[in-house]
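Raw contents of data.cif, mmCIF, C-alpha atoms and all ligand atoms:
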data_entry
loop_
_atom_site.label_atom_id
_atom_site.label_comp_id
_atom_site.auth_asym_id
_atom_site.auth_seq_id
_atom_site.Cartn_x
_atom_site.Cartn_y
_atom_site.Cartn_z
CA MET A 646 16.42 20.07 -0.29
CA LYS A 647 15.90 20.96 -3.94
CA THR A 648 14.47 18.01 -5.88
CA GLU A 649 15.45 17.69 -9.56
CA ILE A 650 12.33 16.54 -11.41
CA ALA A 651 12.41 15.19 -14.98
CA VAL A 652 9.67 13.33 -16.82
CA ILE A 653 10.59 11.20 -19.83
CA ASP A 654 8.98 8.93 -22.39
CA GLU A 655 9.68 5.20 -21.98
CA LYS A 656 9.36 4.69 -25.74
CA ASN A 657 11.83 7.46 -26.58
CA ILE A 658 14.13 7.76 -23.57
CA ASP A 659 15.98 11.06 -23.15
CA MET A 660 19.32 9.61 -21.99
CA SER A 661 20.64 13.02 -20.86
CA LYS A 662 17.98 13.02 -18.12
CA VAL A 663 18.69 9.41 -17.18
CA LYS A 664 22.40 10.27 -16.94
CA LYS A 665 21.67 13.18 -14.59
CA ALA A 666 19.63 10.89 -12.32
CA ALA A 667 22.37 8.22 -12.47
CA ALA A 668 24.93 10.84 -11.43
CA ILE A 669 22.82 11.56 -8.34
CA ILE A 670 22.81 7.83 -7.49
CA ARG A 671 26.58 7.58 -8.01
CA ARG A 672 27.28 10.46 -5.66
CA GLY A 673 25.17 8.91 -2.89
CA GLY A 674 21.82 10.58 -3.51
CA VAL A 675 18.30 9.21 -3.69
CA VAL A 676 16.11 9.18 -6.83
CA ALA A 677 12.49 8.09 -7.41
CA PHE A 678 11.95 6.25 -10.69
CA PRO A 679 9.20 4.40 -12.58
CA THR A 680 8.82 0.64 -12.61
CA GLU A 681 6.03 -1.54 -13.98
CA THR A 682 4.83 -2.47 -10.48
CA VAL A 683 4.88 0.87 -8.59
CA TYR A 684 7.37 3.76 -8.50
CA GLY A 685 10.57 3.02 -6.58
CA LEU A 686 12.84 5.19 -4.44
CA GLY A 687 16.42 4.20 -5.20
CA ALA A 688 19.98 4.56 -3.97
CA ASN A 689 23.27 2.72 -4.55
CA ALA A 690 22.69 -0.64 -2.82
CA PHE A 691 26.40 -0.82 -1.82
CA ASP A 692 26.45 2.63 -0.19
CA GLU A 693 25.36 2.48 3.45
CA GLU A 694 24.95 6.24 3.84
CA ALA A 695 22.91 6.54 0.64
CA VAL A 696 20.63 3.68 1.65
CA LYS A 697 20.04 5.27 5.08
CA LYS A 698 18.66 8.32 3.26
CA ILE A 699 15.88 6.17 1.74
CA PHE A 700 14.71 5.12 5.20
CA ILE A 701 14.75 8.75 6.36
CA ALA A 702 12.95 10.14 3.28
CA LYS A 703 10.17 7.54 3.61
CA GLY A 704 10.04 7.33 7.39
CA ARG A 705 10.51 3.57 6.88
CA PRO A 706 11.05 1.32 9.93
CA GLN A 707 14.70 0.22 9.99
CA ASP A 708 13.87 -3.47 10.27
CA ASN A 709 12.18 -3.48 6.86
CA PRO A 710 14.69 -4.60 4.19
CA LEU A 711 14.96 -3.11 0.69
CA ILE A 712 14.81 -4.91 -2.64
CA VAL A 713 17.94 -4.67 -4.81
CA HIS A 714 17.26 -3.89 -8.48
CA ILE A 715 19.56 -5.14 -11.23
CA GLN A 716 19.56 -4.78 -15.02
CA SER A 717 21.53 -7.91 -15.94
CA VAL A 718 21.91 -11.36 -14.36
CA ASP A 719 25.70 -10.85 -14.61
CA GLU A 720 25.35 -8.62 -11.53
CA LEU A 721 24.22 -11.57 -9.37
CA GLU A 722 27.78 -12.82 -9.00
CA ASN A 723 28.66 -9.81 -6.80
CA LEU A 724 25.49 -9.89 -4.76
CA VAL A 725 24.38 -13.42 -3.83
CA TYR A 726 25.45 -17.05 -3.48
CA ASP A 727 23.72 -20.47 -3.46
CA ILE A 728 21.36 -19.81 -6.37
CA SER A 729 19.12 -22.89 -6.39
CA ASP A 730 17.83 -24.50 -9.58
CA VAL A 731 14.32 -23.25 -8.87
CA ALA A 732 15.65 -19.71 -8.38
CA LYS A 733 17.42 -19.98 -11.73
CA LYS A 734 14.25 -21.22 -13.42
CA LEU A 735 12.16 -18.42 -11.91
CA MET A 736 14.68 -15.80 -13.01
CA ASN A 737 14.84 -17.32 -16.50
CA LYS A 738 11.11 -17.20 -16.88
CA PHE A 739 10.14 -13.98 -15.09
CA PHE A 740 13.15 -11.61 -15.27
CA PRO A 741 12.68 -8.82 -16.21
CA GLY A 742 9.28 -8.56 -14.52
CA PRO A 743 7.26 -8.16 -11.31
CA ILE A 744 9.03 -10.78 -9.18
CA THR A 745 11.59 -10.54 -6.36
CA ILE A 746 13.76 -13.56 -5.54
CA ILE A 747 15.17 -13.84 -2.01
CA LEU A 748 18.69 -15.32 -1.95
CA ASN A 749 21.64 -15.47 0.46
CA LYS A 750 23.52 -12.19 0.29
CA LYS A 751 27.22 -11.59 -0.05
CA GLU A 752 29.20 -9.23 2.21
CA SER A 753 29.19 -6.59 -0.53
CA ILE A 754 25.66 -5.63 0.47
CA PRO A 755 25.67 -3.64 3.71
CA ASP A 756 23.40 -4.60 6.60
CA VAL A 757 21.27 -1.44 6.30
CA THR A 758 20.13 -2.55 2.83
CA SER A 759 18.99 -5.98 4.08
CA ALA A 760 17.89 -4.59 7.47
CA GLY A 761 20.36 -6.94 9.15
CA LEU A 762 19.14 -10.09 7.37
CA LYS A 763 21.58 -12.54 5.77
CA THR A 764 19.33 -12.69 2.73
CA ILE A 765 18.44 -10.14 0.06
CA GLY A 766 15.59 -9.67 -2.42
CA ILE A 767 16.69 -9.31 -6.05
CA ARG A 768 14.49 -7.91 -8.81
CA MET A 769 15.00 -7.01 -12.44
CA PRO A 770 12.32 -4.50 -13.44
CA LYS A 771 10.83 -4.48 -16.93
CA ASN A 772 10.39 -0.72 -17.26
CA LYS A 773 13.01 0.55 -19.70
CA ILE A 774 13.65 3.79 -17.80
CA ALA A 775 14.39 1.79 -14.65
CA LEU A 776 16.74 -0.53 -16.56
CA ALA A 777 18.53 2.44 -18.16
CA LEU A 778 18.92 4.15 -14.79
CA ILE A 779 20.46 1.07 -13.18
CA LYS A 780 22.80 0.58 -16.14
CA GLU A 781 23.94 4.22 -16.20
CA SER A 782 24.44 4.22 -12.42
CA GLY A 783 26.78 1.26 -12.77
CA VAL A 784 25.59 -0.15 -9.44
CA PRO A 785 22.60 -2.18 -8.28
CA ILE A 786 19.85 0.08 -6.93
CA ALA A 787 18.20 -0.63 -3.59
CA ALA A 788 14.62 0.58 -3.75
CA PRO A 789 11.39 0.26 -1.82
CA SER A 790 8.18 1.86 -3.10
CA ALA A 791 8.42 5.66 -3.47
CA ASN A 792 5.76 6.60 -0.92
CA ILE A 793 5.88 7.91 2.60
CA SER A 794 5.77 4.73 4.72
CA GLY A 795 2.26 3.50 5.36
CA ARG A 796 0.61 5.36 2.46
CA PRO A 797 -0.62 3.70 -0.74
CA SER A 798 2.29 3.13 -3.16
CA PRO A 799 2.57 5.67 -6.02
CA THR A 800 1.75 4.48 -9.51
CA ASP A 801 2.47 7.78 -11.26
CA VAL A 802 4.98 10.59 -11.02
CA GLU A 803 2.54 13.15 -9.55
CA ARG A 804 2.05 10.96 -6.48
CA CYS A 805 5.84 10.65 -6.05
CA ILE A 806 6.15 14.42 -6.21
CA GLU A 807 3.33 14.76 -3.67
CA ASP A 808 5.10 12.48 -1.17
CA LEU A 809 8.78 13.18 -1.85
CA GLU A 810 9.43 16.65 -3.29
CA GLY A 811 11.91 18.38 -0.98
CA ARG A 812 12.85 15.06 0.67
CA VAL A 813 14.94 13.46 -2.11
CA GLU A 814 17.56 14.65 -4.64
CA GLY A 815 15.74 13.48 -7.77
CA ILE A 816 12.45 12.29 -9.24
CA LEU A 817 12.53 10.65 -12.65
CA GLY A 818 9.05 10.33 -14.10
CA GLY A 819 7.77 8.06 -16.84
CA PRO A 820 4.58 6.14 -17.57
CA CYS A 821 1.99 5.04 -15.01
CA SER A 822 2.87 1.67 -13.51
CA GLU A 823 0.86 -0.84 -15.52
CA ILE A 824 0.88 -3.67 -12.96
CA GLY A 825 -0.08 -1.36 -10.09
CA VAL A 826 0.76 -3.69 -7.19
CA GLU A 827 4.27 -4.56 -5.99
CA SER A 828 6.32 -7.56 -7.06
CA THR A 829 5.66 -11.12 -5.94
CA ILE A 830 8.35 -12.04 -3.40
CA VAL A 831 9.58 -15.66 -3.49
CA ASP A 832 12.00 -16.89 -0.83
CA CYS A 833 14.37 -19.27 -2.62
CA THR A 834 16.61 -19.82 0.41
CA VAL A 835 14.11 -22.41 1.68
CA GLU A 836 12.97 -25.69 0.17
CA PRO A 837 10.29 -25.66 -1.22
CA PRO A 838 10.28 -21.95 -2.14
CA CYS A 839 7.78 -19.79 -0.27
CA VAL A 840 5.82 -16.76 -1.48
CA LEU A 841 6.28 -14.00 1.11
CA ARG A 842 4.14 -11.43 -0.70
CA PRO A 843 1.62 -11.96 -3.52
CA GLY A 844 2.16 -9.57 -6.42
CA GLY A 845 2.40 -9.09 -10.16
CA ILE A 846 3.34 -12.71 -10.92
CA THR A 847 0.54 -15.03 -9.81
CA LEU A 848 0.80 -18.24 -7.78
CA GLU A 849 -0.59 -20.08 -10.82
CA GLN A 850 2.30 -18.74 -12.96
CA LEU A 851 4.87 -19.71 -10.30
CA ARG A 852 3.50 -23.25 -10.10
CA GLU A 853 4.12 -23.68 -13.81
CA VAL A 854 7.81 -23.55 -12.82
CA ASP A 855 7.64 -25.55 -9.59
CA ILE A 856 4.44 -27.14 -8.36
CA ASP A 857 5.67 -27.16 -4.74
CA ILE A 858 5.86 -23.37 -4.34
CA TYR A 859 3.49 -22.39 -1.53
CA MET A 860 2.32 -19.19 0.08
CA ASP A 861 3.18 -17.95 3.57
CA LYS A 862 -0.03 -18.68 5.50
CA ALA A 863 0.23 -15.48 7.52
CA ILE A 864 -0.05 -13.19 4.50
CA MET A 865 -3.79 -13.02 4.05
CA GLN A 866 -4.70 -12.83 7.73
CA LYS A 867 -4.41 -10.25 10.43
CA PRO A 868 -0.92 -10.73 11.93
CA SER A 869 -1.07 -12.27 15.40
CA LYS A 870 1.37 -13.55 18.02
CA ASP A 871 1.16 -17.09 16.63
CA LEU A 872 1.11 -16.24 12.95
CA LYS A 873 3.66 -13.65 11.90
CA PRO A 874 4.45 -12.98 8.22
CA LYS A 875 7.96 -14.07 7.19
CA ALA A 876 8.66 -10.82 5.28
CA PRO A 877 9.36 -8.12 7.86
CA GLY A 878 7.43 -5.47 5.90
CA MET A 879 4.23 -7.49 5.76
CA LYS A 880 3.53 -6.99 9.45
CA TYR A 881 3.06 -3.24 9.20
CA ARG A 882 -0.17 -1.37 8.46
CA HIS A 883 0.41 -0.35 4.89
CA TYR A 884 -1.22 1.15 1.82
CA ALA A 885 -3.61 2.95 4.11
CA PRO A 886 -5.78 5.88 3.01
CA LYS A 887 -6.46 8.60 5.58
CA ALA A 888 -10.12 7.61 6.00
CA PRO A 889 -11.02 4.29 7.62
CA LEU A 890 -11.61 1.59 5.01
CA LYS A 891 -14.04 -1.30 5.41
CA ILE A 892 -14.16 -4.26 3.04
CA ILE A 893 -17.48 -5.95 2.48
CA GLU A 894 -16.98 -9.62 1.61
CA GLY A 895 -19.77 -11.75 0.19
CA ASN A 896 -21.36 -12.54 -3.15
CA VAL A 897 -22.13 -9.63 -5.48
CA GLU A 898 -25.80 -9.28 -4.54
CA GLN A 899 -25.16 -9.46 -0.80
CA THR A 900 -22.27 -7.02 -1.09
CA VAL A 901 -24.21 -4.38 -3.04
CA ALA A 902 -27.14 -4.65 -0.60
CA LYS A 903 -24.88 -4.38 2.47
CA ILE A 904 -22.92 -1.43 1.09
CA ASN A 905 -26.18 0.42 0.25
CA GLU A 906 -27.44 -0.24 3.78
CA MET A 907 -24.18 0.97 5.42
CA LEU A 908 -24.06 3.92 3.03
CA GLN A 909 -27.50 5.10 4.12
CA ASN A 910 -26.50 4.99 7.79
CA TYR A 911 -23.34 7.02 7.15
CA ILE A 912 -25.21 9.55 5.01
CA ASP A 913 -27.83 9.94 7.76
CA ASP A 914 -24.87 10.73 10.03
CA ASN A 915 -23.70 13.43 7.57
CA LYS A 916 -20.62 11.47 6.56
CA LYS A 917 -18.92 11.73 3.17
CA VAL A 918 -18.64 8.15 1.88
CA GLY A 919 -16.29 6.77 -0.81
CA ILE A 920 -17.14 3.47 -2.46
CA LEU A 921 -14.69 1.23 -4.31
CA ALA A 922 -16.70 -0.72 -6.84
CA CYS A 923 -16.32 -2.26 -10.29
CA ASP A 924 -17.84 -1.49 -13.71
CA GLU A 925 -20.44 -4.20 -13.18
CA THR A 926 -21.81 -2.71 -9.92
CA LYS A 927 -20.99 1.01 -9.96
CA SER A 928 -24.46 2.14 -11.08
CA ARG A 929 -26.17 0.25 -8.27
CA TYR A 930 -25.10 2.55 -5.45
CA LYS A 931 -27.65 5.14 -4.47
CA ASP A 932 -25.30 7.79 -3.14
CA GLY A 933 -21.67 8.40 -2.09
CA ILE A 934 -18.62 8.96 -4.27
CA VAL A 935 -18.41 5.79 -6.33
CA LEU A 936 -15.09 4.90 -8.00
CA SER A 937 -14.94 1.92 -10.31
CA LEU A 938 -11.60 0.10 -10.30
CA GLY A 939 -12.44 -1.50 -13.66
CA SER A 940 -14.22 -4.55 -15.00
CA LEU A 941 -14.21 -7.93 -13.24
CA ASP A 942 -13.30 -9.35 -16.65
CA ASN A 943 -9.94 -7.59 -16.37
CA MET A 944 -8.51 -8.06 -12.90
CA GLN A 945 -5.17 -6.59 -14.02
CA GLU A 946 -6.96 -3.28 -14.66
CA ILE A 947 -8.44 -3.42 -11.14
CA ALA A 948 -4.94 -3.95 -9.68
CA SER A 949 -3.49 -1.03 -11.62
CA ASN A 950 -6.19 1.38 -10.41
CA LEU A 951 -6.29 0.34 -6.75
CA PHE A 952 -3.63 2.57 -5.12
CA GLU A 953 -4.56 5.60 -7.19
CA ALA A 954 -8.22 5.18 -6.20
CA LEU A 955 -7.27 5.12 -2.50
CA ARG A 956 -5.22 8.29 -2.93
CA HIS A 957 -7.99 9.96 -4.93
CA LEU A 958 -10.48 9.32 -2.11
CA ASP A 959 -7.95 10.90 0.27
CA ASP A 960 -7.91 13.99 -1.95
CA LEU A 961 -11.70 14.16 -1.77
CA ASP A 962 -11.55 14.07 2.04
CA VAL A 963 -14.07 11.30 2.48
CA ASP A 964 -14.87 10.25 6.05
CA ILE A 965 -15.15 6.54 5.32
CA ILE A 966 -14.44 4.18 2.42
CA LEU A 967 -16.49 1.05 1.72
CA SER A 968 -14.93 -1.42 -0.69
CA GLU A 969 -16.21 -4.44 -2.52
CA SER A 970 -13.99 -7.53 -2.39
CA PHE A 971 -12.49 -9.42 -5.32
CA GLU A 972 -12.03 -13.07 -6.12
CA GLU A 973 -8.75 -14.46 -4.74
CA ARG A 974 -7.51 -15.95 -7.95
CA GLY A 975 -4.63 -14.81 -10.17
CA ILE A 976 -3.74 -11.17 -9.47
CA GLY A 977 -6.85 -11.07 -7.24
CA VAL A 978 -4.72 -12.56 -4.42
CA ALA A 979 -2.42 -9.50 -4.49
CA ILE A 980 -5.40 -7.13 -4.76
CA MET A 981 -7.08 -8.63 -1.69
CA ASN A 982 -3.79 -8.69 0.24
CA ARG A 983 -3.30 -4.93 -0.34
CA LEU A 984 -6.94 -4.10 0.32
CA ARG A 985 -7.05 -6.04 3.60
CA LYS A 986 -3.85 -4.41 4.80
CA ALA A 987 -5.10 -0.98 3.75
CA ALA A 988 -8.24 -1.68 5.79
CA GLY A 989 -6.24 -2.88 8.80
CA PHE A 990 -8.26 -6.12 8.33
CA ASN A 991 -11.54 -4.30 8.98
CA ILE A 992 -13.78 -6.75 7.14
CA VAL A 993 -17.58 -7.01 7.16
CA ARG A 994 -18.67 -10.50 6.07
CA VAL A 995 -22.17 -10.87 4.69
P1 LIG A 1001 8.69 -2.46 -0.80
O1 LIG A 1001 9.93 -2.30 -1.58
O2 LIG A 1001 8.19 -1.21 -0.19
O3 LIG A 1001 7.68 -3.18 -1.62
O4 LIG A 1001 9.08 -3.41 0.39
C1 LIG A 1001 9.87 -4.54 0.19
C2 LIG A 1001 9.23 -5.75 0.82
O5 LIG A 1001 10.12 -6.85 0.65
C3 LIG A 1001 9.01 -5.61 2.31
O6 LIG A 1001 7.79 -6.21 2.68
C4 LIG A 1001 10.18 -6.38 2.88
O7 LIG A 1001 9.94 -6.85 4.19
C5 LIG A 1001 10.35 -7.51 1.87
N1 LIG A 1001 11.74 -8.03 1.85
C6 LIG A 1001 12.82 -7.43 1.31
N2 LIG A 1001 13.93 -8.16 1.51
C7 LIG A 1001 13.55 -9.27 2.18
C8 LIG A 1001 14.25 -10.42 2.68
N3 LIG A 1001 15.56 -10.56 2.53
N4 LIG A 1001 13.53 -11.34 3.33
C9 LIG A 1001 12.20 -11.21 3.48
N5 LIG A 1001 11.48 -10.15 3.04
C10 LIG A 1001 12.14 -9.19 2.40
MG MG A 1002 6.26 -0.32 0.02
#

Turn this file's structure into structure tokens for me.
Amino acid sequence: MKTEIAVIDEKNIDMSKVKKAAAIIRRGGVVAFPTETVYGLGANAFDEEAVKKIFIAKGRPQDNPLIVHIQSVDELENLVYDISDVAKKLMNKFFPGPITIILNKKESIPDVTSAGLKTIGIRMPKNKIALALIKESGVPIAAPSANISGRPSPTDVERCIEDLEGRVEGILGGPCSEIGVESTIVDCTVEPPCVLRPGGITLEQLREVDIDIYMDKAIMQKPSKDLKPKAPGMKYRHYAPKAPLKIIEGNVEQTVAKINEMLQNYIDDNKKVGILACDETKSRYKDGIVLSLGSLDNMQEIASNLFEALRHLDDLDVDIILSESFEERGIGVAIMNRLRKAAGFNIVRV
């Protein structure tokens, strides 16, 4: 398949290119596009055949539902019912932005889009190219992240091209995703609302709207028979680099010492080692390929560099990746959720 690729400036949007991409969506094709969380891979949410193409292009398991992207709250009328007061408050405060609200879906949304569930995730992205694309398409756009299933999500257009060129009709490029981790998913079909996936909007921010919002206990742990995540997609190995990834959890001093010790053993074994560190610690590693995700003073920067760093270490063909851990506060909860999943919960506690 020939993939139409166009890269545009979010601050000065070339509408002719957006219109071309929207035409692909309207005729049942699939287009990758930028959002502030990660790049998405979209199709007309109402078109069963188009949505099936997303699952095929990504190799996505069919029981993993897609998020439906809108550009105006007027679209909700056609999509969902029973919008609770809390859901309204969350949408008022955080739309457009990195949050997905789960609501009861109307018949208009086919079962493939919701993977057979009676509920659907609704998100209004902030990125202006995404909003323009949805508006020009004239339909809500169902979109998961624009990566091959299981790989780290793409935060720039080059990574979309790497994964999807030849597999989709269009790729619309724009800026790098500034949030860098996916949206926070809040199930508003239950009382009190439950966070199914930590993301760009923090638990602290959500609790400013409703103090009772809580997080699905299964999210931060290795899924087991007794404790399964409520969001179907959270049970899969995800975000994974090609090399095994181990997270070292402890205080800064213990972590640096442990990583240096493990590093030496791997080097003695002739292994190429990647290290995920931060600005504060990067100079303390004696060997290996050290990537800093940013400063601990700016956890948002660390989030936005995480997936790209994992992909970069893949490019360098490292044999093993050792990662520091980050404080589970604010966006740090989403960072640690993605890191643990990427590591398949391979954690060394010191
Ligand atoms: P992605 O778009 O790749 O970030 O994946 C979407 C995530 O949202 C997956 O983890 C899905 O399982 C989750 N999700 C989407 N719709 C629903 C829903 N109706 N109920 C629960 N989880 C959902
Ligand atoms: Mg994804």

| task | Would you mind listing the residues within 6 Å of ligand LIG 1001 (chain A), counting only C-alpha atoms and all ligand atoms, as a ChimeraX atom specification? | result | /A:709-712,747,759,764-766,788-790,827,876-879

| request: Please indicate the distance in Å from atom CA of Ser949 of chain A to atom CA of Val995 of chain A, rounded to one decimal place. | output: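 Spanning atom CA of Ser949 of chain A to atom CA of Val995 of chain A is a straight-line distance of 26.7 Å.
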
Mind running segment 790-877 of chain A against segment 654-657 of chain A at 9 Å and telling me each contacting residue's nearest atom pair with the distance in Å (one decimal), counting all atoms listed in the file, chain and number ascending, as CSV?
residue,atom,partner,partner_atom,distance
A:Gly818,CA,A:Asp654,CA,8.4
A:Gly819,CA,A:Asp654,CA,5.7
A:Pro820,CA,A:Glu655,CA,6.8

Compile a residue-level contact table for chain A against ligand MG 1002 (chain A) at a cut-off of 9 Å, reporting for every qualifying residue the shortest atom pair and its distance in Å to one decimal, with all atoms listed in the file counted, rows ordered by chain and ascending number, as a tab-separated table.
residue	atom	partner	partner_atom	distance
A:Val683	CA	A:MG1002	MG	8.8
A:Gly685	CA	A:MG1002	MG	8.6
A:Arg705	CA	A:MG1002	MG	9.0
A:Pro789	CA	A:MG1002	MG	5.5
A:Ser790	CA	A:MG1002	MG	4.3
A:Ala791	CA	A:MG1002	MG	7.3
A:Asn792	CA	A:MG1002	MG	7.0
A:Ile793	CA	A:MG1002	MG	8.6
A:Ser794	CA	A:MG1002	MG	6.9
A:Gly795	CA	A:MG1002	MG	7.7
A:Arg796	CA	A:MG1002	MG	8.4
A:Pro797	CA	A:MG1002	MG	8.0
A:Ser798	CA	A:MG1002	MG	6.1
A:Glu827	CA	A:MG1002	MG	7.6
A:Gly878	CA	A:MG1002	MG	7.9
A:His883	CA	A:MG1002	MG	7.6
A:Tyr884	CA	A:MG1002	MG	7.8

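Of the listed residues (A:Glu720, A:Asp756, A:Asp932, A:Glu969), A:Glu969 comes nearest to Leu890 of chain A; the distances count only C-alpha atoms.
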
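Picture a line from atom CA of Ser869 of chain A to atom CA of Arg985 of chain A; it runs 14.6 Å.
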
| field | For Ser661 of chain A: contacts at 12 Å, only C-alpha atoms, fewer than 6 positions along chain excluded, given as a count of residues only | value | 10

| task | Considering all atoms listed in the file, state which residue in the set A:Arg672, A:Lys662, A:Lys917, A:His714 is at the smallest distance from Glu694 of chain A. | result |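 Residue with the minimum atom-to-atom distance to Glu694 of chain A: A:Arg672.
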
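When all atoms listed in the file are used to compute distances to Lys665 of chain A, the closest of the residues A:Glu898, A:Asp857, A:Asp801, A:Glu814 turns out to be A:Glu814.
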
| Nearest to Leu809 of chain A, chosen from A:Ser970, A:Thr758, A:Thr648, A:Asn896, with all atoms listed in the file counted in the distances | A:Thr648

| field | Distance in Å - atom CA of Glu693 of chain A versus atom CA of Tyr726 of chain A | value |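 Atom-to-atom, atom CA of Glu693 of chain A and atom CA of Tyr726 of chain A are spaced 20.7 Å apart.
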
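Candidate residues A:Val718, A:Leu686, A:Ile965, A:Val663 were compared for distance to Asn915 of chain A, and the nearest is A:Ile965, using only C-alpha atoms.
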
| query | Taking into account only C-alpha atoms, which residue in the set A:Lys738, A:Arg882, A:Arg671, A:Arg994 is nearest to Gln899 of chain A? | reply |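 Checking each candidate against Gln899 of chain A, we get A:Arg994 as the closest.
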
| field | Contact residues around Phe740 of chain A with only C-alpha atoms at 12 Å, ignoring same-chain residues under 3 positions, as a list in words | value |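 Skipping anything fewer than 3 positions along the chain leaves His714, Ile715, Gln716, Ser717, Val718, Ala732, Lys733, Lys734, Leu735, Met736, Asn737, Pro743, Ile744, Thr745, Ile746, Ile767, Arg768, Met769, Pro770, Lys771, Asn772, Leu776, Ser828, Thr829 and Ile846 of chain A.
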
Keeping C-alpha atoms for every residue in the selection just given, could you write it to a file as a short mmCIF file (atom, residue, chain, number, x, y, z; two decimals), keeping the file's coordinate frame?
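This is the output file again09.cif:
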data_model
loop_
_atom_site.label_atom_id
_atom_site.label_comp_id
_atom_site.auth_asym_id
_atom_site.auth_seq_id
_atom_site.Cartn_x
_atom_site.Cartn_y
_atom_site.Cartn_z
CA HIS A 714 17.26 -3.89 -8.48
CA ILE A 715 19.56 -5.14 -11.23
CA GLN A 716 19.56 -4.78 -15.02
CA SER A 717 21.53 -7.91 -15.94
CA VAL A 718 21.91 -11.36 -14.36
CA ALA A 732 15.65 -19.71 -8.38
CA LYS A 733 17.42 -19.98 -11.73
CA LYS A 734 14.25 -21.22 -13.42
CA LEU A 735 12.16 -18.42 -11.91
CA MET A 736 14.68 -15.80 -13.01
CA ASN A 737 14.84 -17.32 -16.50
CA PRO A 743 7.26 -8.16 -11.31
CA ILE A 744 9.03 -10.78 -9.18
CA THR A 745 11.59 -10.54 -6.36
CA ILE A 746 13.76 -13.56 -5.54
CA ILE A 767 16.69 -9.31 -6.05
CA ARG A 768 14.49 -7.91 -8.81
CA MET A 769 15.00 -7.01 -12.44
CA PRO A 770 12.32 -4.50 -13.44
CA LYS A 771 10.83 -4.48 -16.93
CA ASN A 772 10.39 -0.72 -17.26
CA LEU A 776 16.74 -0.53 -16.56
CA SER A 828 6.32 -7.56 -7.06
CA THR A 829 5.66 -11.12 -5.94
CA ILE A 846 3.34 -12.71 -10.92
#

| request: Tell me, as a PyMOL selection string, which residues lie within 9 Å of Asp861 of chain A, counting all atoms listed in the file; anything in the same chain fewer than 6 positions away does not count. | output: chain A and resi 839-842+874-875

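Using all atoms listed in the file, the contacts of Thr900 of chain A at a cut-off of 12 Å, with sequence neighbours closer than 5 positions omitted, comprise Lys891, Ile892, Ile893, Glu894, Gly895, Asn905, Glu906, Met907, Leu908, Ile920, Leu921, Ala922, Cys923, Thr926, Arg929, Tyr930, Leu967, Ser968, Glu969, Ser970, Phe971, Ile992, Val993, Arg994 and Val995 of chain A.
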
Grab the residues selected above and save them as an mmCIF file, in the coordinates of the input with C-alpha atoms.
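selection.cif, written as the output of this step:
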data_model
loop_
_atom_site.group_PDB
_atom_site.id
_atom_site.type_symbol
_atom_site.label_atom_id
_atom_site.label_comp_id
_atom_site.auth_asym_id
_atom_site.auth_seq_id
_atom_site.Cartn_x
_atom_site.Cartn_y
_atom_site.Cartn_z
ATOM 1 C CA LYS A 891 -14.040 -1.300 5.410
ATOM 2 C CA ILE A 892 -14.160 -4.260 3.040
ATOM 3 C CA ILE A 893 -17.480 -5.950 2.480
ATOM 4 C CA GLU A 894 -16.980 -9.620 1.610
ATOM 5 C CA GLY A 895 -19.770 -11.750 0.190
ATOM 6 C CA ASN A 905 -26.180 0.420 0.250
ATOM 7 C CA GLU A 906 -27.440 -0.240 3.780
ATOM 8 C CA MET A 907 -24.180 0.970 5.420
ATOM 9 C CA LEU A 908 -24.060 3.920 3.030
ATOM 10 C CA ILE A 920 -17.140 3.470 -2.460
ATOM 11 C CA LEU A 921 -14.690 1.230 -4.310
ATOM 12 C CA ALA A 922 -16.700 -0.720 -6.840
ATOM 13 C CA CYS A 923 -16.320 -2.260 -10.290
ATOM 14 C CA THR A 926 -21.810 -2.710 -9.920
ATOM 15 C CA ARG A 929 -26.170 0.250 -8.270
ATOM 16 C CA TYR A 930 -25.100 2.550 -5.450
ATOM 17 C CA LEU A 967 -16.490 1.050 1.720
ATOM 18 C CA SER A 968 -14.930 -1.420 -0.690
ATOM 19 C CA GLU A 969 -16.210 -4.440 -2.520
ATOM 20 C CA SER A 970 -13.990 -7.530 -2.390
ATOM 21 C CA PHE A 971 -12.490 -9.420 -5.320
ATOM 22 C CA ILE A 992 -13.780 -6.750 7.140
ATOM 23 C CA VAL A 993 -17.580 -7.010 7.160
ATOM 24 C CA ARG A 994 -18.670 -10.500 6.070
ATOM 25 C CA VAL A 995 -22.170 -10.870 4.690
#

| said: Distance cut-off 6 Å, centre (21.8, -12.4, 1.4) in file coordinates, counting all atoms listed in the file: which residues qualify? Return them as a PyMOL selection string. | reply: chain A and resi 725+748-751+763-765
